[in-house]
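These notes are about the structure you will find just below.
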Number of protein chains: 2
Amino acid sequence: MQHGGDLTTAMAVHGGTREAWLDLSTGINPFAWPVPGTLRPEAWTSLPTQGALDRLIAAARGAYHVPDDVAIVAAPGTQSIIQWLPQLAPEGPVAVVQPTYAEHALAWRRAGHTVIASSPETPLPDAARHLVVVNPNNPDGHLFERERLARLAADVATRGGWLVIDESFIDVVPDASAAALCRDLPLLILRSFGKFFGLAGLRLGFLLARPDIAAQLAEALGPWSVAGPALEIGAAALLDDVYARTMREHLVREAAELDGLLQRAGLDVVGGTTLYRLVRHPLARHLHAHLACHHIWVRRFDWNDSLLRFGLPPDDQARLRLGAALADGLAAAHVGDHGTRTG
Amino acid sequence: MQHGGDLTTAMAVHGGTREAWLDLSTGINPFAWPVPGTLRPEAWTSLPTQGALDRLIAAARGAYHVPDDVAIVAAPGTQSIIQWLPQLAPEGPVAVVQPTYAEHALAWRRAGHTVIASSPETPLPDAARHLVVVNPNNPDGHLFERERLARLAADVATRGGWLVIDESFIDVVPDASAAALCRDLPLLILRSFGKFFGLAGLRLGFLLARPDIAAQLAEALGPWSVAGPALEIGAAALLDDVYARTMREHLVREAAELDGLLQRAGLDVVGGTTLYRLVRHPLARHLHAHLACHHIWVRRFDWNDSLLRFGLPPDDQARLRLGAALADGLAAAHVGDHGTRTG
């Protein structure tokens with residue numbers, strides 16, 4: 001399984017210290033919420049308490065606008081929820097709208113479900129009992145309308161299935177969240193804390209769902225699943241409205257700057273969210289290798305040779321470095337390309 | 001499910017701020033390994049890396065004396081391993097040596113296995129395919145000899161089952177660990193980081209097992225299951241031989257002091273480890289309530305009215321406070337007891 005966000009392989013092949021690399025391989029916000037210098041020592045030493053968990057859930061309820069009659073379960077990362085859900089779901093085939101984050105299909109298959117690859121146009125084939133949608137989608141940013149999701153959830157409900165909506169990147173377009181629909185439908189919404197707040201090392205994610213479904217995940221995760229520091233930092237960050245509001249606007253500007261840079265280099269921006277941009281270029285594979293030689297790590301995809309995903313550069317220096325490497329790489333590629341054709 | 005370590009309920013009934021309570025309800029070391037004041041910011045911001053995970057596993061291998069051909073899987077707390085193992089184990093009944101930490105039986109039952117309560121004398125009834133042993137046991141401290149565990153693992157192997165040994169408290173008697181037996185046998189050893197190092201909020205635990213078994217848990221937990229700060233702090237603490245050696249000796253002295261205090265109060269110390277002491281008294285229930293009124297929280301058990309478990313008091317002041325409350329409580333109990341009998 002290939003993932004963004006781990007330079008270990010890249011460093012093994014191309015050398016360079018972790019600090020020397022510019023890691024643009026993830027959709028994690030590089031402008032992180034500032035973690036306080038000191039935490040209460042009990043966050044480390046004591047078992048996480050029910051009180052601290054309650055404060056986190058209350059903060060998430062406010063930040064995500066979750067109605068009171070929808071339950072929230074905290075987990076050590078959205079990934080841990082992805083691992084458990086297929087174990088808890090009723091037996092039956094699952095449709096996963098493709099292309100998308102590969103771990104969903106993997107986890108459902110591992111739990112014994114047949115996985116059907118579907119498309120945004122016809123997301124729910126007749127044979128499927130369950131449906132998984134990443135919204136907005138990673139990597140192309142495709143966004144389902146809430147009305148469409150409501151209809152899909154109702155369809156899935158008649159089949160006795162679940163509609164899982166992975167809203168890991170929805171913080172940048174919060175009005176698109178389907179949270180309010182969970183009340184009456186077999187809808188399971190995954191929210192990621194670490195991506196928008198830039199704190200992926202913390203490991204914190206949430207499930208929003210009907211109380212009877214949420215209880216199943218809570219029982220599966222067991223007590224003390226989220227670390228004390230994550231409860232504390234998560235609650236404080238989720239209460240910080242000012243950060244969320246200004247960061248959303250900041251990300252719009254940063255994504256636009258990145259688009260300009262990519263387009264000037266001759267790349268087509270074909271999708272994404274303000275946390276990552278998807279580009280198409282016939283020489284994407286070549287460009288990926290070229291950037292790696294310059295110790296810039298971006299995301300490529302096994303299923304499409306002409307796509308690359310770029311996370312946001314953290315500052316002007318990173319942007320300059322990326323722009324120079326892209327210009328250089330594409331110039332070299334075109335020469336090489338030309339050379340091959342005539343040689 | 002009743003647990004030690006969460007004062008939320010106690011505070012709801014008896015009042016008092018968290019700081020005002022003396023929490024002796026857990027077996028977590030009150031003399032915690034000192035977490036450094038500052039962590040690398042990337043521990044919070046980046047996805048946990050393979051390199052950081054490798055360093056943690058190497059540190060655990062050294063600290064726990066795990067042979068090279070036994071695999072180690074890190075998890076966000078031993079509890080998360082307890083939650084997953086029954087999902088991964090082959091179908092069939094499991095024997096759980098009783099009395100012990102209740103979460104094992106709960107998790108196996110939840111995953112659909114029949115749970116058979118067994119005893120240290122006859123741990124593996126004929127009907128069982130799997131066996132779970134907590135060693136040393138919580139709360140009574142019972143310790144199985146390694147030779148006996150090897151025979152039990154061999155028996156379980158002939159049944160196509162697993163022997164799960166929860167060594168959450170074995171750091172205080174490290175030579176008793178069965179780690180070396182994992183090589184050839186279907187033996188799954190759970191190690192807890194947080195109890196001995198006094199950092200239960202960190203959420204870190206390990207499975208030691210044959211590589212084929214370990215791979216199943218690693219796949220179930222998925223990527224990035226342990227938080228970045230836990231990888232970093234865990235590795236540093238596990239490399240700190242001096243802390244481990246001196247802490248083991250320190251805990252022996254602390255446990256002896258606690259025993260003296262409990263015995264002077266008229267309580268029988270009937271078991272435990274140097275991280276917690278189990279006492280028997282006919283008025284244990286009364287005493288538990290009395291201590292709670294004094295905002296001292298100890299562990300009682302649903303299955304036995306005459307047992308209480310005491311964690312280590314953190315300092316002289318706590319010891320004085322406990323001693324006074326015990327003396328007072330038992331004096332009152334005897335008067336009350338006498339009164340009832342004659343009234």
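We name chains A, B, ... following the order of the structure tokens; residues begin at 1 in each chain, and ligands are numbered from 1 as shown.
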Practice item. Do a neighbour search on region 176-193 of chain B at 7 Å with only C-alpha atoms, toss out local chain neighbours closer than 2 positions, and write the hits as a PyMOL selection string. Key: chain B and resi 66-67+69-70+77-78+146+150+153-154+157+162-168+170+173-174+195-197+204-210
**Study point:** Distance query region 19-30 of chain B at most 7 Å, only C-alpha atoms, self and fewer than 3 positions along chain excluded, as a list of chain:residue names
**Key:**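 Surrounding residues, per the criterion: B:Gly4, B:Gly5, B:Gly16, B:Lys195, B:Phe196, B:Phe197, B:Gly198, B:Leu275, B:Tyr276, B:His295, B:Ile296, B:Trp297, B:Val298, B:Arg299, B:Phe310, B:Gly311, B:Leu312, B:Pro313, B:Pro314.
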Check your understanding: chain B residues within 9 Å of chain A, counting only C-alpha atoms: which ones, as a PyMOL selection string?
Key -> chain B and resi 5-9+28-30+32+35+37-38+41-51+76-77+79-80+82-84+87+103+107+110+194+197-204+219-229
Point to revise | Non-local contacts of Ala105 (chain A) (9 Å; only C-alpha atoms; under 3 positions in same chain excluded) as a list of chain:residue names | key: A:Val94, A:Ala95, A:Val96, A:Tyr101, A:Ala102, A:Trp108, A:Arg109, A:Arg110, A:Val115, A:Ile116, A:Ala117, A:Val132
Could you dump the residues just selected with N, CA and C atoms as a CSV table (one decimal), in the first residue's frame?
chain,number,residue,atom,x,y,z
A,94,VAL,N,-20.1,-4.1,-0.8
A,94,VAL,CA,-20.0,-2.6,-0.6
A,94,VAL,C,-19.6,-2.0,-1.9
A,95,ALA,N,-20.2,-0.9,-2.3
A,95,ALA,CA,-19.7,-0.1,-3.4
A,95,ALA,C,-18.8,1.0,-2.9
A,96,VAL,N,-17.7,1.2,-3.6
A,96,VAL,CA,-16.8,2.3,-3.2
A,96,VAL,C,-16.6,3.1,-4.4
A,101,TYR,N,-9.3,7.3,-1.9
A,101,TYR,CA,-8.4,6.8,-0.8
A,101,TYR,C,-8.5,5.3,-0.7
A,102,ALA,N,-7.4,4.6,-0.9
A,102,ALA,CA,-7.5,3.1,-1.2
A,102,ALA,C,-7.8,2.3,0.1
A,108,TRP,N,-12.6,-3.1,3.8
A,108,TRP,CA,-13.9,-3.9,3.6
A,108,TRP,C,-13.6,-5.3,3.0
A,109,ARG,N,-12.6,-5.3,2.1
A,109,ARG,CA,-12.2,-6.6,1.5
A,109,ARG,C,-11.7,-7.5,2.6
A,110,ARG,N,-10.8,-7.0,3.5
A,110,ARG,CA,-10.2,-7.7,4.6
A,110,ARG,C,-11.2,-8.3,5.5
A,115,VAL,N,-16.1,-6.1,-2.7
A,115,VAL,CA,-16.0,-4.6,-3.0
A,115,VAL,C,-16.3,-4.4,-4.5
A,116,ILE,N,-17.2,-3.5,-4.8
A,116,ILE,CA,-17.6,-3.1,-6.1
A,116,ILE,C,-17.1,-1.7,-6.4
A,117,ALA,N,-16.3,-1.6,-7.4
A,117,ALA,CA,-15.8,-0.2,-7.8
A,117,ALA,C,-17.0,0.5,-8.5
A,132,VAL,N,-19.6,3.5,0.1
A,132,VAL,CA,-18.6,4.3,0.7
A,132,VAL,C,-18.3,5.5,-0.3
All helix (DSSP H, G or I) residues (DSSP, backbone) inside region 84-162 of chain A, as a PDB file with C-alpha atoms, in the first residue's frame:
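That gives us selection.pdb:
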ATOM      1  CA  TRP A  84     -13.293  -1.162  12.350  1.00  0.00           C
ATOM      2  CA  LEU A  85     -16.429  -0.235  10.354  1.00  0.00           C
ATOM      3  CA  PRO A  86     -16.320  -3.158   7.895  1.00  0.00           C
ATOM      4  CA  GLN A  87     -16.079  -5.552  10.874  1.00  0.00           C
ATOM      5  CA  LEU A  88     -19.233  -4.067  12.367  1.00  0.00           C
ATOM      6  CA  GLU A 103      -7.805   2.126   2.501  1.00  0.00           C
ATOM      7  CA  HIS A 104     -11.608   1.934   2.421  1.00  0.00           C
ATOM      8  CA  ALA A 105     -11.739  -0.852  -0.175  1.00  0.00           C
ATOM      9  CA  LEU A 106      -8.829  -2.647   1.505  1.00  0.00           C
ATOM     10  CA  ALA A 107     -10.516  -2.686   4.899  1.00  0.00           C
ATOM     11  CA  TRP A 108     -13.898  -3.870   3.570  1.00  0.00           C
ATOM     12  CA  ARG A 109     -12.239  -6.608   1.535  1.00  0.00           C
ATOM     13  CA  ARG A 110     -10.186  -7.717   4.554  1.00  0.00           C
ATOM     14  CA  ARG A 146     -26.280  16.861   0.112  1.00  0.00           C
ATOM     15  CA  GLU A 147     -29.642  16.099  -1.526  1.00  0.00           C
ATOM     16  CA  ARG A 148     -28.017  13.360  -3.575  1.00  0.00           C
ATOM     17  CA  LEU A 149     -26.412  11.893  -0.451  1.00  0.00           C
ATOM     18  CA  ALA A 150     -29.784  11.921   1.296  1.00  0.00           C
ATOM     19  CA  ARG A 151     -31.301   9.956  -1.598  1.00  0.00           C
ATOM     20  CA  LEU A 152     -28.384   7.502  -1.610  1.00  0.00           C
ATOM     21  CA  ALA A 153     -28.700   7.008   2.156  1.00  0.00           C
ATOM     22  CA  ALA A 154     -32.417   6.338   1.762  1.00  0.00           C
ATOM     23  CA  ASP A 155     -31.662   3.778  -0.982  1.00  0.00           C
ATOM     24  CA  VAL A 156     -29.034   2.097   1.167  1.00  0.00           C
ATOM     25  CA  ALA A 157     -31.494   2.051   4.078  1.00  0.00           C
ATOM     26  CA  THR A 158     -33.997   0.011   2.044  1.00  0.00           C
TER      27      THR A 158
END
Practice item. Within 10 Å of Leu262 (chain A), counting only C-alpha atoms, which residues show up once you throw out same-chain ones fewer than 4 positions away? Write them as a PyMOL selection string, please. Key: chain A and resi 256-258+266-269+277-279+310+322-323+326-327
Check your understanding: So how many Å separate CA of Leu308 (chain A) and CA of Asp328 (chain A), to one decimal?
Key ->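 Going from CA of Leu308 (chain A) over to CA of Asp328 (chain A), I get 16.9 Å.
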Point to revise | Sel. of strand (DSSP E or B) residues, region 44-89 of chain A, as number ranges by chain | key: A: 71-75
Would you mind exporting the chosen residues as a CSV table (one decimal), in the first residue's frame, restricted to N, CA and C atoms?
chain,number,residue,atom,x,y,z
A,71,ALA,N,-25.0,11.0,17.4
A,71,ALA,CA,-24.0,10.7,18.4
A,71,ALA,C,-22.6,10.9,17.8
A,72,ILE,N,-21.6,11.2,18.6
A,72,ILE,CA,-20.2,11.4,18.2
A,72,ILE,C,-19.3,10.4,18.9
A,73,VAL,N,-18.5,9.7,18.2
A,73,VAL,CA,-17.5,8.8,18.8
A,73,VAL,C,-16.1,9.3,18.4
A,74,ALA,N,-15.3,9.5,19.4
A,74,ALA,CA,-13.9,9.9,19.2
A,74,ALA,C,-13.0,8.7,19.0
A,75,ALA,N,-12.0,8.7,18.1
A,75,ALA,CA,-11.2,7.6,17.8
A,75,ALA,C,-9.7,8.0,17.6
Review point. Leaving out Leu143 (chain A) and any residue of its chain fewer than 6 positions from it, which residues lie within 10 Å of it when counting only C-alpha atoms, given as an MDAnalysis selection string?
Key: chainID A and resid 120 133:137 170 173 176 272:273
Check your understanding: Do you have the CA of Ala292 (chain A)-CA of Ala332 (chain A) distance handy?
Key ->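 Computing it gives 14.4 Å between the two atoms.
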Review point. Using only C-alpha atoms, which of the listed residues (A:Ala325, A:Leu307, A:Val242, A:Ala218) sits closest to Ala265 (chain A)?
Key: A:Ala325
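Close contacts of Glu121 (chain A), defined as residues with an atom at most 10 Å away when counting only C-alpha atoms, with chain neighbours fewer than 3 positions off set aside, comprise Val97, Ser118 and Leu124 of chain A.
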